[in-house]
Amino acid sequence: MVNRQKLLDLYFLEARAKMVDLAAFLDRMDRAEGECDFRLTALLKAFEELRHSGGTRAERVLLALSDPTTAPIPAATSKAACGAWPGNP
Amino acid sequence: MPSMRYIEPHAHMVSRVTDDYQAMVVAGCAAVCEPAFWAGFDRSAAAAFHDYFCQLTEHEPRRATKFGLPHFCWLCINPKESEDVSLARDVIALIPKFLEGKNVLGIGEIGLNKNSRNELKVLEMHVDLAARHNQLILVHTPHLEDKHKGTRLTLDVLRADSRIKPERCVIDHVEEHTVKMVFDGGFWGGMTLYPGTKCTAARAVDMIERYGGERLWMDSACDWGVSVPLAIPYAALELRRRGHSAETIDRLVYQNPLHFLSQCPKFALPGGAGERPA
């Protein structure tokens, strides 16, 4: 495995660009009119996981955006996933 | 010819143009494996699946052969069409006669999509089919918010059937929140290098460095969506950028899928396979 300096050389600019994109997305949402849905709330909540150290941020972000229930749903009413769990209806 | 060799264990070539075959072979692809999947629309009858299975077992291998590329396939009704249990039952009844096909590796990609009761029933029917015919299993795990729950439910189904051997099942599309439960259960894991909704090459290398490279493969799952048929060679480049040796890269992109897929005697590559010639 390469060291931290090498990882910065490999990925810093890419990570920086993604962060600016994310900030611009949130600014865009601020400027737009209309109601938000659960997806933005879920995304903002998932950001909190970035504060944790210990090498599990990706896992924690994915879990924050996941359906935490365990029982099968009665029936599939759509095919698509949207990327965040809407919560109990 | 390229110095790198790799096996593409999961690609939906029926959705790709012929140029992709050419590019894959030039990049070092030694074999391509195509699971049955959703066409992007629901098929109206079992007869449509009959035609699709003919395409996977007869037509597509011929298309690949034009480029000297061995083509293998997996058969099933995809989880996205599993809500209709009656249709699924009719389709599953078609599969046994196709299992004799010389390029058929097993049952897949089966699993769950929205984690519904009917999808679970159809998954159990597929698992029973695989067990009765001693077939390898390729599992699709759900997308995005449904993946973690769906992976747990799927592993429960596989563990509940005592005829199923975990080392003969690959659980595909693992990510950071599901990979550990797959390995802990003794299953193989597939990391899918697919833009936006699955895994990047950098994250795949992270998981390899964290969990080791045993019982693991990478695939592109390229299909009719925005996807990358050369995702595995790009991931090999990422491994090299991260300091991994040529031997490690060869093990991850060639030896590992070869090891799993060779559990099916039909997975034979021209000129033999295994250690790289000196």
# chains A, B, ... in the order shown; residues from 1 in each chain; ligands from 1
call {"tool": "interface_residues", "arguments": {"of": "chain A", "to": "chain B", "cutoff": "10 Å", "atoms": "only C-alpha atoms", "output": "count of residues only"}}
result
39
call {"tool": "select_by_dssp", "arguments": {"residues": "segment 13-112 of chain B", "states": "helix (DSSP H, G or I)", "output": "PyMOL selection string"}}
result
chain B and resi 13-15+18-27+46-65+79-81+85-98
call {"tool": "write_last_selection", "arguments": {"atoms": "C-alpha atoms", "output": "PDB file, in the first residue's frame"}}
result
ATOM      1  CA  MET B  13     -22.754  -8.115 -24.342  1.00  0.00           C
ATOM      2  CA  VAL B  14     -26.139  -8.410 -26.055  1.00  0.00           C
ATOM      3  CA  SER B  15     -26.460  -4.683 -25.263  1.00  0.00           C
ATOM      4  CA  THR B  18     -19.299  -5.203 -31.766  1.00  0.00           C
ATOM      5  CA  ASP B  19     -16.532  -2.597 -31.381  1.00  0.00           C
ATOM      6  CA  ASP B  20     -16.594  -3.377 -27.651  1.00  0.00           C
ATOM      7  CA  TYR B  21     -15.592  -6.975 -28.340  1.00  0.00           C
ATOM      8  CA  GLN B  22     -12.706  -5.697 -30.405  1.00  0.00           C
ATOM      9  CA  ALA B  23     -11.569  -3.254 -27.719  1.00  0.00           C
ATOM     10  CA  MET B  24     -11.814  -5.891 -24.966  1.00  0.00           C
ATOM     11  CA  VAL B  25      -9.714  -8.417 -26.869  1.00  0.00           C
ATOM     12  CA  VAL B  26      -7.108  -5.800 -27.706  1.00  0.00           C
ATOM     13  CA  ALA B  27      -6.973  -4.904 -23.982  1.00  0.00           C
ATOM     14  CA  ALA B  46     -41.988 -16.929 -21.127  1.00  0.00           C
ATOM     15  CA  ALA B  47     -41.504 -17.390 -24.869  1.00  0.00           C
ATOM     16  CA  ALA B  48     -39.535 -14.122 -24.939  1.00  0.00           C
ATOM     17  CA  PHE B  49     -37.110 -15.613 -22.417  1.00  0.00           C
ATOM     18  CA  HIS B  50     -36.787 -18.736 -24.555  1.00  0.00           C
ATOM     19  CA  ASP B  51     -35.559 -16.534 -27.379  1.00  0.00           C
ATOM     20  CA  TYR B  52     -33.254 -14.631 -25.014  1.00  0.00           C
ATOM     21  CA  PHE B  53     -31.728 -17.888 -23.737  1.00  0.00           C
ATOM     22  CA  CYS B  54     -31.142 -18.935 -27.361  1.00  0.00           C
ATOM     23  CA  GLN B  55     -29.420 -15.605 -27.918  1.00  0.00           C
ATOM     24  CA  LEU B  56     -27.153 -16.173 -24.891  1.00  0.00           C
ATOM     25  CA  THR B  57     -26.296 -19.783 -25.726  1.00  0.00           C
ATOM     26  CA  GLU B  58     -26.106 -19.675 -29.532  1.00  0.00           C
ATOM     27  CA  HIS B  59     -25.947 -16.238 -31.142  1.00  0.00           C
ATOM     28  CA  GLU B  60     -23.778 -14.235 -28.728  1.00  0.00           C
ATOM     29  CA  PRO B  61     -21.000 -16.895 -28.542  1.00  0.00           C
ATOM     30  CA  ARG B  62     -20.811 -16.760 -32.335  1.00  0.00           C
ATOM     31  CA  ARG B  63     -20.451 -12.972 -32.259  1.00  0.00           C
ATOM     32  CA  ALA B  64     -17.624 -13.242 -29.702  1.00  0.00           C
ATOM     33  CA  THR B  65     -15.901 -16.027 -31.610  1.00  0.00           C
ATOM     34  CA  PRO B  79     -34.906  -9.984 -10.084  1.00  0.00           C
ATOM     35  CA  LYS B  80     -36.446  -6.952 -11.804  1.00  0.00           C
ATOM     36  CA  GLU B  81     -38.963  -9.303 -13.434  1.00  0.00           C
ATOM     37  CA  VAL B  85     -44.231 -15.305  -9.666  1.00  0.00           C
ATOM     38  CA  SER B  86     -46.334 -17.082 -12.270  1.00  0.00           C
ATOM     39  CA  LEU B  87     -44.191 -15.765 -15.131  1.00  0.00           C
ATOM     40  CA  ALA B  88     -41.050 -16.600 -13.158  1.00  0.00           C
ATOM     41  CA  ARG B  89     -42.236 -20.160 -12.625  1.00  0.00           C
ATOM     42  CA  ASP B  90     -42.788 -20.569 -16.390  1.00  0.00           C
ATOM     43  CA  VAL B  91     -39.364 -19.124 -17.203  1.00  0.00           C
ATOM     44  CA  ILE B  92     -37.568 -21.257 -14.615  1.00  0.00           C
ATOM     45  CA  ALA B  93     -39.216 -24.329 -16.153  1.00  0.00           C
ATOM     46  CA  LEU B  94     -37.469 -23.467 -19.441  1.00  0.00           C
ATOM     47  CA  ILE B  95     -33.994 -23.361 -17.959  1.00  0.00           C
ATOM     48  CA  PRO B  96     -33.060 -27.058 -17.385  1.00  0.00           C
ATOM     49  CA  LYS B  97     -32.871 -27.905 -21.075  1.00  0.00           C
ATOM     50  CA  PHE B  98     -30.589 -24.906 -21.672  1.00  0.00           C
TER      51      PHE B  98
END
call {"tool": "atom_distance", "arguments": {"atom1": "atom CA of Cys76 of chain B", "atom2": "atom CA of Lys198 of chain B"}}
result
22.1 Å
call {"tool": "closest_residue", "arguments": {"among": "B:Val182, B:Cys33, B:Ala39, B:Ile208", "to": "Trp224 of chain B", "atoms": "only C-alpha atoms"}}
result
B:Ala39
call {"tool": "select_by_dssp", "arguments": {"residues": "segment 151-235 of chain B", "states": "strand (DSSP E or B)", "output": "number ranges by chain"}}
result
B: 169-172, 188-193, 199, 216-219
call {"tool": "atom_distance", "arguments": {"atom1": "atom CA of Leu193 of chain B", "atom2": "atom CA of Leu230 of chain B"}}
result
9.6 Å
call {"tool": "atom_distance", "arguments": {"atom1": "atom CA of Glu247 of chain B", "atom2": "atom CA of Asp184 of chain B"}}
result
25.7 Å
